[in-house]
Structure formats: structure tokens, C-alpha cells
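S.K.: Data file query_6.cif (mmCIF, C-alpha atoms) is appended below.
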data_entry
loop_
_atom_site.label_atom_id
_atom_site.label_comp_id
_atom_site.auth_asym_id
_atom_site.auth_seq_id
_atom_site.Cartn_x
_atom_site.Cartn_y
_atom_site.Cartn_z
CA ALA T 243 136.68 67.55 25.70
CA THR T 244 134.80 70.85 25.36
CA PRO T 245 132.95 72.05 28.50
CA LEU T 246 129.43 73.18 27.65
CA ASP T 247 126.98 75.50 29.43
CA GLY T 248 123.43 74.34 28.69
CA GLU T 249 120.50 72.26 29.85
CA LEU T 250 118.59 69.07 29.17
CA TRP T 251 115.41 69.65 27.17
CA SER T 252 112.43 67.55 26.13
CA GLY T 253 109.89 70.24 25.17
CA ARG T 254 107.90 73.10 26.63
CA GLN T 255 105.81 72.46 29.75
CA ARG T 256 107.54 69.09 30.27
CA PHE T 257 110.02 69.96 33.04
CA ALA T 258 108.40 67.71 35.66
CA GLU T 259 108.41 64.73 33.28
CA LEU T 260 112.05 65.36 32.31
CA SER T 261 113.09 65.74 35.95
CA GLY T 262 111.45 62.41 36.79
CA ARG T 263 113.29 60.63 33.99
CA VAL T 264 116.68 62.07 34.96
CA ARG T 265 116.24 61.15 38.63
CA ARG T 266 115.48 57.47 37.95
CA GLN T 267 117.98 55.18 39.65
CA HIS T 268 118.15 52.83 36.64
CA PRO T 269 117.05 54.72 33.51
CA THR T 270 116.47 52.76 30.34
CA HIS T 271 117.55 53.67 26.82
CA GLN T 272 113.90 54.56 26.14
CA ASP T 273 113.90 57.05 29.06
CA TRP T 274 116.52 59.13 27.24
CA GLN T 275 114.74 59.15 23.88
CA GLY T 276 113.58 62.63 22.92
CA ILE T 277 115.90 64.37 25.41
CA GLN T 278 118.42 66.83 23.98
CA TYR T 279 121.21 68.90 25.46
CA LEU T 280 120.77 72.54 24.44
CA ILE T 281 124.03 74.51 24.30
CA PHE T 282 123.90 78.03 25.75
CA ASP T 283 127.58 78.91 25.90
CA LEU T 284 131.21 77.68 25.99
CA PRO T 285 132.70 78.49 29.42
CA GLN T 286 136.36 77.92 28.51
CA HIS T 287 136.31 79.68 25.12
CA LEU T 288 138.39 82.89 25.38
CA GLY T 289 136.46 84.93 22.79
CA THR T 290 133.54 87.33 22.96
CA PHE T 291 129.99 85.99 22.88
CA ASP T 292 129.81 86.65 19.12
CA GLU T 293 132.97 84.56 18.68
CA ARG T 294 131.71 81.85 21.03
CA LEU T 295 128.45 81.76 19.08
CA MET T 296 130.32 80.87 15.90
CA ALA T 297 132.03 78.01 17.75
CA ILE T 298 128.67 76.85 19.15
CA GLN T 299 127.19 76.81 15.65
CA MET T 300 130.11 74.68 14.48
CA LEU T 301 129.22 72.14 17.19
CA GLY T 302 125.69 72.11 15.78
CA GLU T 303 127.11 71.20 12.37
CA LEU T 304 128.43 67.93 13.84
CA GLN T 305 124.80 66.75 13.59
CA ILE T 306 124.84 64.87 16.88
CA LYS T 307 121.19 63.95 17.35
CA TRP T 308 120.96 64.86 21.05
CA LEU T 309 123.15 68.01 20.93
CA ARG T 310 121.61 71.30 19.73
CA PRO T 311 122.69 74.93 19.95
CA VAL T 312 120.01 77.28 21.28
CA ALA T 313 118.71 79.63 18.57
CA GLN T 314 120.26 83.12 18.79
CA TRP T 315 119.26 86.24 16.85
CA ARG T 316 119.52 90.03 16.92
CA VAL T 317 116.65 92.50 17.11
CA ASP T 318 116.75 96.07 15.80
CA SER T 319 114.47 97.81 18.31
CA GLN T 320 112.93 97.55 21.76
CA SER T 321 109.43 97.28 20.28
CA ARG T 322 110.53 94.32 18.14
CA LEU T 323 112.12 92.72 21.21
CA LEU T 324 108.87 93.04 23.19
CA GLU T 325 106.87 91.62 20.27
CA GLN T 326 109.14 88.58 20.25
CA LEU T 327 108.91 88.25 24.03
CA ASP T 328 105.10 88.11 23.74
CA GLN T 329 105.34 85.62 20.87
CA TYR T 330 107.60 83.21 22.80
CA VAL T 331 105.71 83.57 26.09
CA ASN T 332 102.43 82.84 24.31
CA ALA T 333 104.06 79.67 22.94
CA GLY T 334 104.93 78.56 26.50
CA ALA T 335 108.42 80.02 27.09
CA GLU T 336 109.27 81.77 30.38
CA GLY T 337 111.04 84.64 28.62
CA LEU T 338 114.17 85.54 26.64
CA MET T 339 117.86 85.72 27.52
CA LEU T 340 119.68 88.83 26.22
CA HIS T 341 123.44 88.61 25.49
CA ARG T 342 125.96 91.36 24.80
CA GLY T 343 127.82 90.31 21.67
CA ASP T 344 131.14 91.81 22.85
CA SER T 345 131.08 90.22 26.33
CA TYR T 346 133.45 87.57 27.65
CA TYR T 347 132.18 84.54 29.56
CA ARG T 348 131.58 85.10 33.25
CA ALA T 349 129.94 82.69 35.67
CA GLY T 350 127.05 84.08 37.71
CA ARG T 351 124.89 87.14 37.16
CA SER T 352 126.08 90.14 35.17
CA ASP T 353 124.76 92.92 32.96
CA ASP T 354 126.21 91.03 29.97
CA LEU T 355 123.46 88.40 30.23
CA LEU T 356 119.94 89.51 31.19
CA LYS T 357 116.77 87.49 31.64
CA LEU T 358 113.73 89.22 30.15
CA LYS T 359 110.47 87.83 31.56
CA PRO T 360 106.93 89.10 31.76
CA LEU T 361 105.51 89.55 35.24
CA ALA T 362 101.91 88.81 36.07
CA ASP T 363 100.19 89.74 39.29
CA ALA T 364 97.24 88.34 41.19
CA GLU T 365 95.64 88.48 44.63
CA ALA T 366 95.27 86.06 47.52
CA HIS T 367 94.21 85.98 51.17
CA VAL T 368 96.75 85.45 53.98
CA LEU T 369 96.01 82.23 55.90
CA GLN T 370 99.07 81.88 58.13
CA HIS T 371 102.42 83.43 59.10
CA LEU T 372 105.27 80.92 59.02
CA PRO T 373 108.34 81.55 61.21
CA GLY T 374 111.64 82.68 59.75
CA LYS T 375 114.98 80.90 60.03
CA GLY T 376 118.59 82.10 59.89
CA LYS T 377 118.70 85.87 59.40
CA TYR T 378 114.89 86.00 59.69
CA LEU T 379 114.78 84.18 63.04
CA GLY T 380 112.19 85.87 65.25
CA MET T 381 110.43 87.36 62.21
CA MET T 382 107.99 86.07 59.62
CA GLY T 383 109.74 83.84 57.08
CA SER T 384 106.87 83.31 54.68
CA ILE T 385 103.11 83.48 54.47
CA LEU T 386 100.66 80.79 53.46
CA VAL T 387 98.07 82.22 51.10
CA GLU T 388 94.96 81.05 49.27
CA THR T 389 93.70 82.35 45.93
CA ASP T 390 90.03 82.90 45.13
CA ASP T 391 89.99 79.59 43.24
CA GLY T 392 91.35 77.65 46.23
CA LEU T 393 95.05 77.28 45.41
CA ARG T 394 97.28 77.37 48.50
CA PHE T 395 101.01 78.12 48.45
CA LYS T 396 103.73 79.95 50.36
CA ILE T 397 105.26 83.32 49.54
CA GLY T 398 108.63 84.02 51.15
CA THR T 399 110.22 86.74 49.02
CA GLY T 400 109.51 90.38 48.29
CA PHE T 401 109.19 91.43 51.95
CA SER T 402 111.25 94.14 53.63
CA ASP T 403 112.59 93.46 57.14
CA GLN T 404 109.91 95.80 58.50
CA GLN T 405 107.18 93.83 56.72
CA ARG T 406 108.64 90.63 58.19
CA ARG T 407 108.36 92.16 61.68
CA THR T 408 104.75 93.24 61.06
CA PRO T 409 103.47 90.99 58.25
CA PRO T 410 100.16 91.41 56.45
CA PRO T 411 97.47 90.34 58.95
CA ILE T 412 95.83 86.94 58.67
CA GLY T 413 92.70 87.36 56.59
CA SER T 414 94.07 90.38 54.71
CA ARG T 415 94.29 90.44 50.93
CA ILE T 416 97.65 90.81 49.22
CA THR T 417 98.90 91.28 45.67
CA TYR T 418 101.77 89.07 44.50
CA GLN T 419 103.81 88.86 41.30
CA TYR T 420 104.76 85.65 39.53
CA THR T 421 106.27 84.37 36.29
CA GLY T 422 104.16 81.63 34.79
CA ARG T 423 102.70 78.57 36.46
CA THR T 424 103.91 75.10 37.38
CA ALA T 425 102.43 71.95 35.85
CA THR T 426 100.06 71.80 38.84
CA GLY T 427 98.85 75.36 38.25
CA LEU T 428 100.69 77.04 41.13
CA PRO T 429 102.26 80.46 40.49
CA ARG T 430 105.98 80.12 39.77
CA PHE T 431 108.41 82.39 41.70
CA ALA T 432 105.58 84.08 43.63
CA ARG T 433 106.79 87.31 45.27
CA PHE T 434 104.93 89.62 47.68
CA LEU T 435 104.10 92.97 46.11
CA ARG T 436 101.75 94.83 48.48
CA GLN T 437 98.92 94.50 50.96
CA ARG T 438 95.58 95.46 49.47
CA PRO T 439 93.75 98.28 51.27
CA GLU T 440 90.72 97.28 53.34
CA GLN T 441 87.45 97.70 51.43
#
What would the structure in this file look like if it were written as C-alpha cells?

M.R.:
Amino acid sequence: ATPLDGELWSGRQRFAELSGRVRRQHPTHQDWQGIQYLIFDLPQHLGTFDERLMAIQMLGELQIKWLRPVAQWRVDSQSRLLEQLDQYVNAGAEGLMLHRGDSYYRAGRSDDLLKLKPLADAEAHVLQHLPGKGKYLGMMGSILVETDDGLRFKIGTGFSDQQRRTPPPIGSRITYQYTGRTATGLPRFARFLRQRPEQ
């Protein structure tokens, strides 16, 4: 057996549908049609990423219908990298993963594997302060906000401890950052950026 690092995939913007299929108590053969396992890496391979990539490509040559290596390529400049980021994001991707070719496999975050994503920002009004738990007990844990087009959601990251002690007032306008949207249109990974000055 060869341990694989990867994910199930059924197409862009179809995560909710895929998640529903996988969580079914009694899935049918039809439920699994069109789902592939994309290979990112080989955790127990002892070589560098460039060497692991060759082994991954060999797995792709087995022509197993549901098993597919993720496409990997090199770019020759930062401007070319940003062009490709825009191209993939415009096609519905969240961003790009950047590997160091001479790195060895390590679980968790490291500078050998970076996620490159575009950040968007938008504004919303603060509706409510929600209490914190654990290390934020006695402080604000998150805020409930509403956008100008009526979307409501919580933002619980991006705040300093001081901002949690004195959060943006109810009714104030804030700017938040996010990376793409969910299938229901809500901002994904919304993060507090700043309170907008009073007009």
C-alpha cells in the first residue's frame, strides 16, 4: 500500500454536493460516479518534492479511472505566477499551492509549501457582539454583520485582544477580507480588517 496525500474531487464549485454524497449513510455506486481522488503528495516517500513528483506521475500512468495526480508546473517569474493565479481564480479556483522542489515531506504548515490566494475586501454593518469562549471568555468572540445586500454572517477572526475588549460598536461599518464565496453566496474565511471611520 502507498499512503497518499490528496482530496476527493468532483469539479469546481461542487464542494457542497460532493460533501453530501460522501456523508450518505448508504451511498450507491452511482453516488461515487464522477468523483476522483486527486494526489497532492506521497507522505512516506523519502525523496525531495521533485523526486516525489516523478513517483506521483508514475501512479498516474497506472490509468486508474478515479485516481489522478494534480497538475504541477514551474513558472519563470513572479509576473507569470500572478498571471496564472488570476487565470485559475477566474476559472473558479481558490488559488495556487507553491512547492519547493528540493523540500522533503513535512506534515503541517511550512515555508516549503505556500498557499497563494487573492484577497477581496468588502464592507458590512455590525449587528451584534457575540460572547467569546475559552481564551476569549469575557471578551467579544465574534460579531454578526450584515452586508448592504442583506447577507448576514459572523466574523470571528482578525481581531486583536484589545479589539475584542472594545469591539466595533453596533451599527458601525467595518471592512472585512475574504477569499471567495460559498455556494450560498456568503464570504468564505471572512476576517475583520478595520472599522470604517464615521462619515

S.K.: Of the candidates T:Leu393, T:Ala362, T:Ile298, T:Ile412, which shows the shortest atom-to-atom distance to Val312 in chain T, using only C-alpha atoms?

M.R.: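 Closest candidate: T:Ile298.
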
S.K.: Would you compute an axis-aligned box for range 391-407 of chain T, covering every atom listed for it in the file with 3 Å of margin on each side, and report centre and edge lengths in Å to one decimal as lines of an AutoDock Vina configuration file?

M.R.:
center_x = 101.3
center_y = 86.5
center_z = 52.5
size_x = 28.6
size_y = 24.5
size_z = 24.4

S.K.: With the file shown as input, list the residues that the PyMOL selection byres ((chain T and resi 383) around 9) selects, as a list of chain:residue names.

M.R.: T:His371, T:Leu372, T:Pro373, T:Gly374, T:Lys375, T:Tyr378, T:Leu379, T:Gly380, T:Met381, T:Met382, T:Ser384, T:Ile385, T:Ile397, T:Gly398, T:Thr399, T:Arg406

S.K.: Under the PyMOL selection byres ((chain T and resi 289) around 9), which residues of this model are included? Write them out as a list in words.

M.R.: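 Checking the PyMOL selection byres ((chain T and resi 289) around 9) against this file, the residues are His287, Leu288, Thr290, Phe291, Asp292, Glu293, Arg294, Asp344, Ser345, Tyr346 and Tyr347 of chain T.
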
S.K.: When distances are computed from all atoms listed in the file, which of T:Met339, T:Val368, T:Leu358, T:Leu250 shows the smallest separation from Arg415 in chain T?

M.R.: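 For Arg415 in chain T, the nearest of the candidates is T:Val368.
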
S.K.: Near Asp391 in chain T, counting all atoms listed in the file, which residues have an atom at most 12 Å away, once you skip same-chain residues fewer than 2 positions from it, shown as a list in words?

M.R.: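 Final neighbour list, sorted by chain and number: Ala364, Glu365, Ala366, His367, Val387, Glu388, Thr389, Leu393, Arg394, Gly427 and Leu428 of chain T.
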
S.K.: Any idea what the distance is between CA of Leu260 in chain T and CA of Ile277 in chain T?

M.R.: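 Calculated distance between CA of Leu260 in chain T and CA of Ile277 in chain T is 8.0 Å.
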